[in-house]
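Student: Got structure_34.pdb for you, PDB, C-alpha atoms:
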```pdb
ATOM      1  CA  MET A   1     -91.843 -36.029  44.863
ATOM      2  CA  MET A   2     -88.646 -34.448  46.162
ATOM      3  CA  GLN A   3     -88.810 -30.683  46.657
ATOM      4  CA  PRO A   4     -86.336 -28.449  44.692
ATOM      5  CA  SER A   5     -84.522 -27.507  47.878
ATOM      6  CA  ASN A   6     -84.144 -31.162  48.755
ATOM      7  CA  VAL A   7     -82.878 -31.936  45.223
ATOM      8  CA  SER A   8     -80.296 -29.182  45.558
ATOM      9  CA  MET A   9     -79.162 -30.512  48.913
ATOM     10  CA  ALA A  10     -78.893 -34.035  47.509
ATOM     11  CA  LEU A  11     -76.842 -32.871  44.531
ATOM     12  CA  ASN A  12     -74.477 -30.933  46.772
ATOM     13  CA  ALA A  13     -74.079 -33.971  49.026
ATOM     14  CA  PHE A  14     -73.372 -36.146  45.983
ATOM     15  CA  LYS A  15     -70.763 -33.666  44.699
ATOM     16  CA  SER A  16     -69.078 -33.607  48.108
ATOM     17  CA  LEU A  17     -69.019 -37.391  48.166
ATOM     18  CA  CYS A  18     -67.434 -37.499  44.693
ATOM     19  CA  ILE A  19     -64.765 -35.005  45.723
ATOM     20  CA  CYS A  20     -63.946 -37.047  48.818
ATOM     21  CA  MET A  21     -63.852 -40.278  46.828
ATOM     22  CA  GLY A  22     -61.590 -38.622  44.256
ATOM     23  CA  ALA A  23     -59.190 -37.547  46.974
ATOM     24  CA  VAL A  24     -59.121 -41.085  48.314
ATOM     25  CA  LEU A  25     -58.509 -42.531  44.827
ATOM     26  CA  LEU A  26     -55.560 -40.187  44.334
ATOM     27  CA  LEU A  27     -53.918 -41.829  47.330
ATOM     28  CA  ILE A  28     -54.374 -45.352  45.953
ATOM     29  CA  PRO A  29     -51.437 -46.503  43.754
ATOM     30  CA  LEU A  30     -52.651 -47.622  40.332
ATOM     31  CA  PRO A  31     -51.289 -50.847  38.832
ATOM     32  CA  GLY A  32     -48.603 -50.151  36.230
ATOM     33  CA  VAL A  33     -48.243 -46.495  37.166
ATOM     34  CA  ALA A  34     -44.988 -45.511  38.861
ATOM     35  CA  ASP A  35     -45.173 -43.307  41.915
ATOM     36  CA  PRO A  36     -43.627 -39.867  41.390
ATOM     37  CA  VAL A  37     -40.032 -39.678  42.638
ATOM     38  CA  THR A  38     -39.946 -37.363  45.637
ATOM     39  CA  GLU A  39     -36.683 -38.556  47.210
ATOM     40  CA  LEU A  40     -33.265 -39.551  45.971
ATOM     41  CA  PRO A  41     -32.799 -43.342  45.866
ATOM     42  CA  ALA A  42     -31.180 -44.743  49.008
ATOM     43  CA  GLU A  43     -31.024 -48.449  48.219
ATOM     44  CA  PRO A  44     -28.622 -50.182  45.797
ATOM     45  CA  LEU A  45     -29.672 -49.842  42.157
ATOM     46  CA  TYR A  46     -29.457 -52.929  39.934
ATOM     47  CA  LEU A  47     -27.415 -51.936  36.872
ATOM     48  CA  TRP A  48     -29.319 -54.041  34.346
ATOM     49  CA  ALA A  49     -32.931 -53.433  35.342
ATOM     50  CA  GLU A  50     -34.207 -54.645  31.968
ATOM     51  CA  LYS A  51     -32.839 -58.122  32.720
ATOM     52  CA  PRO A  52     -34.104 -60.620  35.308
ATOM     53  CA  LEU A  53     -32.016 -61.054  38.439
ATOM     54  CA  VAL A  54     -29.690 -64.040  38.518
ATOM     55  CA  GLU A  55     -30.970 -66.709  40.885
ATOM     56  CA  PRO A  56     -29.609 -68.019  43.110
ATOM     57  CA  ASP A  57     -27.574 -64.948  43.934
ATOM     58  CA  ARG A  58     -24.173 -66.233  45.108
ATOM     59  CA  GLU A  59     -22.865 -62.907  46.434
ATOM     60  CA  HIS A  60     -21.402 -63.153  49.930
ATOM     61  CA  ILE A  61     -19.047 -61.314  52.270
ATOM     62  CA  LYS A  62     -15.887 -62.797  53.753
ATOM     63  CA  ASP A  63     -13.239 -60.840  55.673
ATOM     64  CA  GLN A  64     -14.981 -57.556  54.760
ATOM     65  CA  ARG A  65     -14.677 -58.380  51.038
ATOM     66  CA  VAL A  66     -17.510 -59.040  48.612
ATOM     67  CA  TYR A  67     -17.271 -62.205  46.531
ATOM     68  CA  VAL A  68     -19.179 -63.509  43.481
ATOM     69  CA  VAL A  69     -21.248 -60.622  42.192
ATOM     70  CA  ASP A  70     -24.070 -62.078  40.081
ATOM     71  CA  ASN A  71     -26.313 -59.015  40.104
ATOM     72  CA  PRO A  72     -24.154 -55.895  39.623
ATOM     73  CA  SER A  73     -25.413 -52.798  41.379
ATOM     74  CA  MET A  74     -24.419 -49.360  42.599
ATOM     75  CA  THR A  75     -25.089 -47.906  46.036
ATOM     76  CA  PRO A  76     -25.650 -44.128  46.179
ATOM     77  CA  PHE A  77     -24.225 -41.689  48.732
ATOM     78  CA  TRP A  78     -25.687 -38.183  48.582
ATOM     79  CA  PRO A  79     -24.278 -34.845  49.764
ATOM     80  CA  GLU A  80     -26.096 -32.983  52.495
ATOM     81  CA  GLU A  81     -28.815 -30.658  51.241
ATOM     82  CA  GLY A  82     -27.375 -27.384  50.042
ATOM     83  CA  THR A  83     -23.813 -28.694  49.659
ATOM     84  CA  ALA A  84     -23.980 -30.465  46.287
ATOM     85  CA  THR A  85     -21.628 -29.219  43.576
ATOM     86  CA  GLY A  86     -23.409 -31.148  40.817
ATOM     87  CA  ALA A  87     -20.453 -33.509  40.415
ATOM     88  CA  ALA A  88     -20.670 -37.295  40.782
ATOM     89  CA  ALA A  89     -18.111 -40.064  41.316
ATOM     90  CA  VAL A  90     -18.669 -43.661  40.204
ATOM     91  CA  ILE A  91     -16.428 -45.790  42.430
ATOM     92  CA  PHE A  92     -14.904 -49.213  41.678
ATOM     93  CA  PRO A  93     -13.300 -50.969  44.678
ATOM     94  CA  GLY A  94     -10.263 -53.148  44.048
ATOM     95  CA  GLY A  95      -9.603 -56.810  44.707
ATOM     96  CA  GLY A  96      -7.866 -58.359  41.712
ATOM     97  CA  TYR A  97     -11.157 -59.095  39.901
ATOM     98  CA  VAL A  98     -11.618 -61.823  42.537
ATOM     99  CA  ARG A  99     -13.170 -59.842  45.406
ATOM    100  CA  LEU A 100     -14.165 -56.264  46.235
ATOM    101  CA  ALA A 101     -12.617 -54.274  49.087
ATOM    102  CA  ILE A 102     -16.037 -52.735  49.495
ATOM    103  CA  ASP A 103     -15.427 -50.795  52.723
ATOM    104  CA  HIS A 104     -12.065 -49.026  52.578
ATOM    105  CA  GLU A 105     -11.967 -48.695  48.764
ATOM    106  CA  GLY A 106     -15.698 -48.225  48.340
ATOM    107  CA  TYR A 107     -18.006 -46.959  51.066
ATOM    108  CA  ASP A 108     -15.317 -44.978  52.918
ATOM    109  CA  ILE A 109     -14.328 -43.252  49.678
ATOM    110  CA  ALA A 110     -17.967 -42.506  48.837
ATOM    111  CA  LYS A 111     -18.600 -40.916  52.239
ATOM    112  CA  TRP A 112     -15.540 -38.719  51.765
ATOM    113  CA  PHE A 113     -16.801 -37.498  48.382
ATOM    114  CA  ALA A 114     -20.359 -36.918  49.635
ATOM    115  CA  ALA A 115     -19.059 -34.845  52.572
ATOM    116  CA  ARG A 116     -17.478 -32.526  49.993
ATOM    117  CA  GLY A 117     -20.554 -32.066  47.838
ATOM    118  CA  VAL A 118     -19.999 -34.879  45.330
ATOM    119  CA  ALA A 119     -22.656 -37.555  44.841
ATOM    120  CA  ALA A 120     -20.998 -40.975  44.912
ATOM    121  CA  PHE A 121     -21.972 -44.421  43.684
ATOM    122  CA  VAL A 122     -20.146 -47.569  44.838
ATOM    123  CA  VAL A 123     -20.328 -50.233  42.153
ATOM    124  CA  LYS A 124     -20.417 -53.970  42.733
ATOM    125  CA  TYR A 125     -19.259 -55.264  39.360
ATOM    126  CA  ARG A 126     -18.984 -58.794  38.016
ATOM    127  CA  MET A 127     -15.568 -60.431  38.300
ATOM    128  CA  GLN A 128     -13.756 -63.689  37.573
ATOM    129  CA  GLU A 129     -16.932 -65.764  37.492
ATOM    130  CA  TYR A 130     -17.877 -63.885  34.307
ATOM    131  CA  GLY A 131     -14.565 -62.551  32.987
ATOM    132  CA  PHE A 132     -14.080 -59.979  30.269
ATOM    133  CA  PRO A 133     -16.032 -58.006  29.114
ATOM    134  CA  ALA A 134     -18.521 -58.208  32.017
ATOM    135  CA  PRO A 135     -16.650 -55.813  34.372
ATOM    136  CA  LEU A 136     -16.178 -53.220  31.627
ATOM    137  CA  LEU A 137     -19.833 -53.469  30.581
ATOM    138  CA  ASP A 138     -20.873 -52.948  34.212
ATOM    139  CA  GLY A 139     -18.582 -49.929  34.512
ATOM    140  CA  LEU A 140     -19.887 -48.334  31.327
ATOM    141  CA  ARG A 141     -23.501 -49.005  32.350
ATOM    142  CA  ALA A 142     -22.947 -47.400  35.780
ATOM    143  CA  VAL A 143     -21.724 -44.160  34.167
ATOM    144  CA  ARG A 144     -24.625 -44.204  31.699
ATOM    145  CA  LEU A 145     -27.171 -44.735  34.480
ATOM    146  CA  VAL A 146     -25.872 -41.753  36.434
ATOM    147  CA  ARG A 147     -25.903 -39.597  33.316
ATOM    148  CA  GLN A 148     -29.389 -40.801  32.353
ATOM    149  CA  ASN A 149     -30.744 -39.778  35.769
ATOM    150  CA  ALA A 150     -28.632 -36.647  36.164
ATOM    151  CA  ALA A 151     -31.519 -34.189  35.958
ATOM    152  CA  ASP A 152     -33.653 -36.055  38.508
ATOM    153  CA  TRP A 153     -30.716 -36.505  40.863
ATOM    154  CA  GLY A 154     -29.380 -32.949  40.735
ATOM    155  CA  ILE A 155     -26.202 -33.970  38.912
ATOM    156  CA  ASP A 156     -24.458 -32.060  36.133
ATOM    157  CA  PRO A 157     -24.104 -34.571  33.246
ATOM    158  CA  GLY A 158     -20.788 -32.896  32.404
ATOM    159  CA  LYS A 159     -19.291 -33.542  35.867
ATOM    160  CA  ILE A 160     -19.420 -37.334  36.179
ATOM    161  CA  GLY A 161     -16.153 -39.080  36.968
ATOM    162  CA  VAL A 162     -14.829 -42.546  37.765
ATOM    163  CA  VAL A 163     -12.719 -43.573  40.755
ATOM    164  CA  GLY A 164     -10.949 -46.901  41.167
ATOM    165  CA  PHE A 165      -8.272 -48.648  43.196
ATOM    166  CA  SER A 166      -5.945 -51.497  42.195
ATOM    167  CA  ALA A 167      -7.991 -53.758  39.871
ATOM    168  CA  GLY A 168     -10.835 -51.280  40.357
ATOM    169  CA  GLY A 169      -8.355 -48.724  39.026
ATOM    170  CA  HIS A 170      -7.936 -50.932  35.966
ATOM    171  CA  LEU A 171     -11.702 -50.862  35.510
ATOM    172  CA  ALA A 172     -11.882 -47.076  36.016
ATOM    173  CA  ALA A 173      -9.020 -46.570  33.549
ATOM    174  CA  SER A 174     -10.780 -48.921  31.112
ATOM    175  CA  VAL A 175     -13.939 -46.800  31.296
ATOM    176  CA  ALA A 176     -11.844 -43.643  30.856
ATOM    177  CA  THR A 177     -10.136 -44.972  27.716
ATOM    178  CA  ARG A 178     -12.568 -47.538  26.261
ATOM    179  CA  PHE A 179     -15.870 -45.721  26.734
ATOM    180  CA  THR A 180     -16.964 -46.531  23.164
ATOM    181  CA  TYR A 181     -16.548 -50.272  23.705
ATOM    182  CA  THR A 182     -19.446 -52.380  22.446
ATOM    183  CA  ASN A 183     -20.132 -56.088  22.176
ATOM    184  CA  LEU A 184     -22.777 -58.148  20.438
ATOM    185  CA  LEU A 185     -25.391 -57.490  23.117
ATOM    186  CA  ASP A 186     -27.695 -54.526  22.580
ATOM    187  CA  ASP A 187     -27.641 -51.988  25.405
ATOM    188  CA  PRO A 188     -30.784 -49.838  25.544
ATOM    189  CA  LEU A 189     -28.647 -47.045  27.029
ATOM    190  CA  ALA A 190     -25.988 -47.263  24.319
ATOM    191  CA  ASP A 191     -26.865 -43.804  22.982
ATOM    192  CA  ILE A 192     -25.911 -42.215  26.321
ATOM    193  CA  SER A 193     -22.233 -41.305  26.517
ATOM    194  CA  ALA A 194     -20.188 -43.422  28.923
ATOM    195  CA  ARG A 195     -17.163 -41.116  28.745
ATOM    196  CA  PRO A 196     -16.286 -39.896  32.244
ATOM    197  CA  ASP A 197     -15.370 -36.259  32.770
ATOM    198  CA  PHE A 198     -12.517 -37.117  35.139
ATOM    199  CA  ALA A 199     -10.779 -40.204  36.489
ATOM    200  CA  VAL A 200      -9.139 -40.869  39.860
ATOM    201  CA  LEU A 201      -6.846 -43.920  39.870
ATOM    202  CA  GLY A 202      -5.319 -45.277  43.069
ATOM    203  CA  TYR A 203      -2.343 -47.651  42.621
ATOM    204  CA  PRO A 204      -4.054 -49.002  39.491
ATOM    205  CA  VAL A 205      -3.410 -52.167  37.556
ATOM    206  CA  ILE A 206      -2.626 -50.978  34.023
ATOM    207  CA  ALA A 207      -0.440 -53.601  32.314
ATOM    208  CA  LEU A 208      -1.677 -57.153  31.803
ATOM    209  CA  TYR A 209       1.440 -58.398  30.030
ATOM    210  CA  GLY A 210       5.137 -57.681  30.230
ATOM    211  CA  PRO A 211       7.402 -57.387  33.299
ATOM    212  CA  ASP A 212       5.082 -55.000  35.156
ATOM    213  CA  ALA A 213       1.876 -56.971  34.600
ATOM    214  CA  HIS A 214      -0.353 -57.942  37.493
ATOM    215  CA  ALA A 215      -0.680 -61.689  36.905
ATOM    216  CA  GLY A 216      -3.576 -62.206  39.325
ATOM    217  CA  SER A 217      -5.804 -59.619  37.692
ATOM    218  CA  ARG A 218      -4.880 -60.921  34.241
ATOM    219  CA  LYS A 219      -5.893 -64.493  35.085
ATOM    220  CA  ALA A 220      -9.117 -63.473  36.830
ATOM    221  CA  LEU A 221     -10.178 -61.166  34.005
ATOM    222  CA  LEU A 222      -8.925 -62.978  30.899
ATOM    223  CA  GLY A 223      -8.276 -66.580  31.959
ATOM    224  CA  ALA A 224      -5.124 -68.679  32.085
ATOM    225  CA  ASN A 225      -4.198 -68.429  28.387
ATOM    226  CA  PRO A 226      -5.654 -65.203  26.981
ATOM    227  CA  ASP A 227      -5.540 -64.224  23.347
ATOM    228  CA  PRO A 228      -2.664 -61.759  22.652
ATOM    229  CA  LYS A 229      -5.105 -59.161  21.298
ATOM    230  CA  LEU A 230      -7.142 -59.313  24.510
ATOM    231  CA  LEU A 231      -3.945 -58.791  26.494
ATOM    232  CA  HIS A 232      -3.007 -55.779  24.412
ATOM    233  CA  ASP A 233      -6.482 -54.220  24.447
ATOM    234  CA  ASN A 234      -6.677 -54.556  28.237
ATOM    235  CA  SER A 235      -3.207 -53.130  28.841
ATOM    236  CA  LEU A 236      -4.427 -49.600  29.140
ATOM    237  CA  GLN A 237      -1.278 -47.649  28.426
ATOM    238  CA  PHE A 238      -2.004 -48.590  24.800
ATOM    239  CA  GLN A 239      -5.600 -47.313  24.889
ATOM    240  CA  VAL A 240      -5.004 -43.651  25.732
ATOM    241  CA  THR A 241      -6.203 -41.206  23.063
ATOM    242  CA  ASP A 242      -6.826 -37.476  22.807
ATOM    243  CA  LYS A 243     -10.295 -38.146  24.275
ATOM    244  CA  VAL A 244      -8.907 -39.137  27.672
ATOM    245  CA  PRO A 245     -10.395 -37.012  30.502
ATOM    246  CA  PRO A 246      -8.313 -35.304  33.201
ATOM    247  CA  VAL A 247      -6.731 -37.973  35.399
ATOM    248  CA  PHE A 248      -5.511 -37.881  39.009
ATOM    249  CA  MET A 249      -3.234 -40.777  40.002
ATOM    250  CA  LEU A 250      -1.537 -41.918  43.196
ATOM    251  CA  HIS A 251       0.893 -44.775  43.825
ATOM    252  CA  GLY A 252       3.527 -45.892  46.312
ATOM    253  CA  VAL A 253       6.995 -46.081  44.789
ATOM    254  CA  GLY A 254       7.682 -49.369  46.600
ATOM    255  CA  ASP A 255       4.283 -51.028  45.991
ATOM    256  CA  GLN A 256       5.037 -54.753  45.814
ATOM    257  CA  ALA A 257       1.598 -55.887  44.654
ATOM    258  CA  VAL A 258       1.151 -53.530  41.684
ATOM    259  CA  THR A 259       4.405 -51.889  40.673
ATOM    260  CA  VAL A 260       4.540 -48.123  40.272
ATOM    261  CA  ALA A 261       5.599 -48.712  36.657
ATOM    262  CA  ASN A 262       1.911 -49.266  35.907
ATOM    263  CA  SER A 263       1.034 -45.689  36.839
ATOM    264  CA  LEU A 264       4.163 -44.293  35.203
ATOM    265  CA  ALA A 265       3.339 -45.978  31.897
ATOM    266  CA  PHE A 266      -0.253 -44.787  31.904
ATOM    267  CA  PHE A 267       0.551 -41.237  32.964
ATOM    268  CA  THR A 268       3.278 -40.972  30.308
ATOM    269  CA  GLU A 269       0.547 -41.418  27.697
ATOM    270  CA  VAL A 270      -2.095 -39.326  29.475
ATOM    271  CA  GLN A 271       0.094 -36.244  29.795
ATOM    272  CA  LYS A 272       0.591 -36.228  26.006
ATOM    273  CA  HIS A 273      -3.118 -35.496  25.610
ATOM    274  CA  ASN A 274      -4.414 -33.931  28.828
ATOM    275  CA  LYS A 275      -2.301 -31.423  30.707
ATOM    276  CA  GLN A 276      -4.879 -31.067  33.494
ATOM    277  CA  SER A 277      -3.747 -34.431  34.907
ATOM    278  CA  GLU A 278      -1.576 -35.153  37.938
ATOM    279  CA  LEU A 279       0.474 -38.136  39.168
ATOM    280  CA  HIS A 280       1.478 -38.366  42.853
ATOM    281  CA  VAL A 281       4.152 -40.918  43.756
ATOM    282  CA  TYR A 282       4.765 -41.440  47.474
ATOM    283  CA  GLN A 283       7.581 -42.945  49.519
ATOM    284  CA  SER A 284       5.538 -45.986  50.471
ATOM    285  CA  ASN A 285       5.443 -49.733  49.871
ATOM    286  CA  ILE A 286       1.789 -50.031  50.917
ATOM    287  CA  HIS A 287      -0.796 -51.438  48.545
ATOM    288  CA  GLY A 288      -4.488 -50.942  49.256
ATOM    289  CA  VAL A 289      -4.073 -47.950  51.553
ATOM    290  CA  GLY A 290      -7.474 -46.476  50.779
ATOM    291  CA  MET A 291      -7.996 -43.575  53.161
ATOM    292  CA  ILE A 292      -6.206 -45.161  56.123
ATOM    293  CA  GLN A 293      -4.348 -42.500  58.106
ATOM    294  CA  GLY A 294      -0.957 -42.770  59.786
ATOM    295  CA  GLN A 295       0.764 -44.496  56.867
ATOM    296  CA  GLY A 296       3.249 -41.759  56.111
ATOM    297  CA  SER A 297       3.016 -39.268  53.268
ATOM    298  CA  ILE A 298       0.750 -41.488  51.173
ATOM    299  CA  SER A 299      -2.040 -40.872  53.698
ATOM    300  CA  SER A 300      -2.131 -37.258  52.490
ATOM    301  CA  TRP A 301      -3.317 -38.149  49.002
ATOM    302  CA  PRO A 302      -6.960 -37.176  49.738
ATOM    303  CA  GLN A 303      -5.850 -33.601  50.444
ATOM    304  CA  ALA A 304      -4.032 -33.485  47.100
ATOM    305  CA  LEU A 305      -7.104 -34.856  45.338
ATOM    306  CA  GLU A 306      -9.363 -32.339  47.064
ATOM    307  CA  ALA A 307      -7.187 -29.438  45.893
ATOM    308  CA  TRP A 308      -7.160 -30.811  42.330
ATOM    309  CA  MET A 309     -10.940 -31.214  42.246
ATOM    310  CA  ARG A 310     -11.648 -27.831  43.829
ATOM    311  CA  GLU A 311      -9.521 -26.142  41.193
ATOM    312  CA  ARG A 312     -11.837 -27.579  38.545
ATOM    313  CA  GLY A 313     -15.100 -26.849  40.327
ATOM    314  CA  TRP A 314     -15.991 -30.476  41.061
ATOM    315  CA  MET A 315     -15.700 -30.207  44.838
ATOM    316  CA  MET A 316     -16.624 -27.721  47.556
TER     317      MET A 316
END
```
Please express what this file holds, its structure, as structure tokens.

Tutor:
Amino acid sequence: MMQPSNVSMALNAFKSLCICMGAVLLLIPLPGVADPVTELPAEPLYLWAEKPLVEPDREHIKDQRVYVVDNPSMTPFWPEEGTATGAAAVIFPGGGYVRLAIDHEGYDIAKWFAARGVAAFVVKYRMQEYGFPAPLLDGLRAVRLVRQNAADWGIDPGKIGVVGFSAGGHLAASVATRFTYTNLLDDPLADISARPDFAVLGYPVIALYGPDAHAGSRKALLGANPDPKLLHDNSLQFQVTDKVPPVFMLHGVGDQAVTVANSLAFFTEVQKHNKQSELHVYQSNIHGVGMIQGQGSISSWPQALEAWMRERGWMM
């Protein structure tokens, strides 16, 4: 028969063993239980996580452009610790709805924003292989995802903007004016507002019919013979309402790819409703300048944008 002292020692040993085993079990991930988020996401985030990935994925890169996006995503760029302003920019590179200028109208722009305290997300959106409304749905979902995760990511849900260039500017302007757009497909995030709090549009495509239309973007987005209502709805000068957020625009007066009349038409409507907006027209015939320096006065547009955003508390 075990003595009382021995029983006590055995019980204490058993308790110690249980405590150790419990500590070990806490380190073992349990099936179906998500690990707590301790770091901001670094990898691209699939926009439609509730749907299976498209296989085979045809996405590829050619001449530093991304082609055939089957699985739309957004890649995050975070400010350095202690520098974040709480603002976020959802970025749409251009490319005529055929390709994405992912570097100079995407990643380079995102790094610039992050260096000034603004979290940035570069979106790979679906293009001509899917047509309308796929790009707009991707754009709206990207804004909703950022807003849904704002608290976890240190973002102010009232400081989320969109940024776009050329056809990406058309998409950003679409999100800024058509943020209530719905189609027959149910979106589990539909109750989250997709309205951006600001929009930055670089030499954007705005008109899809008339003398100033960008024919390439029109064909890629709407097909060779689009319905007149689709043309009108996607010509964004006609979609501006009193709900439009503050808009910053830049364009070269001699742009031969997307005429400056696109920006003039859009801004004419915007300034009727939002006096916090600015349009900068430069003596330049360059299209797709991005943040390339040494291209004359148009290369100074980032400084003008920085001043505009600082004035509103979106940038350091």

Student: Do you have the CA of Thr268 in chain A-CA of Arg178 in chain A distance handy?

Tutor: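 So the two atoms, CA of Thr268 in chain A and CA of Arg178 in chain A, lie 17.6 Å apart.
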
Student: Using CA of Trp301 in chain A and CA of Gly202 in chain A as the two end points, give the distance in Å to one decimal.

Tutor: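 Computing it gives 9.5 Å between the two atoms.
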
Student: Could you check the closest approach to Ala257 in chain A for each of A:Leu140, A:Gly96, A:Val200, A:Gln148 and tell me which residue wins, using all atoms listed in the file?

Tutor: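 Among the listed residues, the smallest separation from Ala257 in chain A belongs to A:Gly96.
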
Student: Put a box with edges along x, y and z around all the listed atoms of range 215-223 of chain A, pad it by 4 Å on each side, then give me its centre and sizes in Å, one decimal, as AutoDock Vina command-line options.

Tutor:
```
--center_x -5.4 --center_y -63.1 --center_z 35.1 --size_x 17.5 --size_y 15.0 --size_z 16.4
```

Student: I'd like the neighbourhood of Gly296 in chain A as a list of chain:residue names, where a residue qualifies if any of its atoms comes within 12 Å (using only C-alpha atoms), though same-chain residues fewer than 4 positions away should be ignored.

Tutor: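 Non-adjacent residues within range: A:Gly252, A:Tyr282, A:Gln283, A:Ser284, A:Asn285, A:Ile286, A:Val289, A:Met291, A:Ile292, A:Ser300, A:Trp301.
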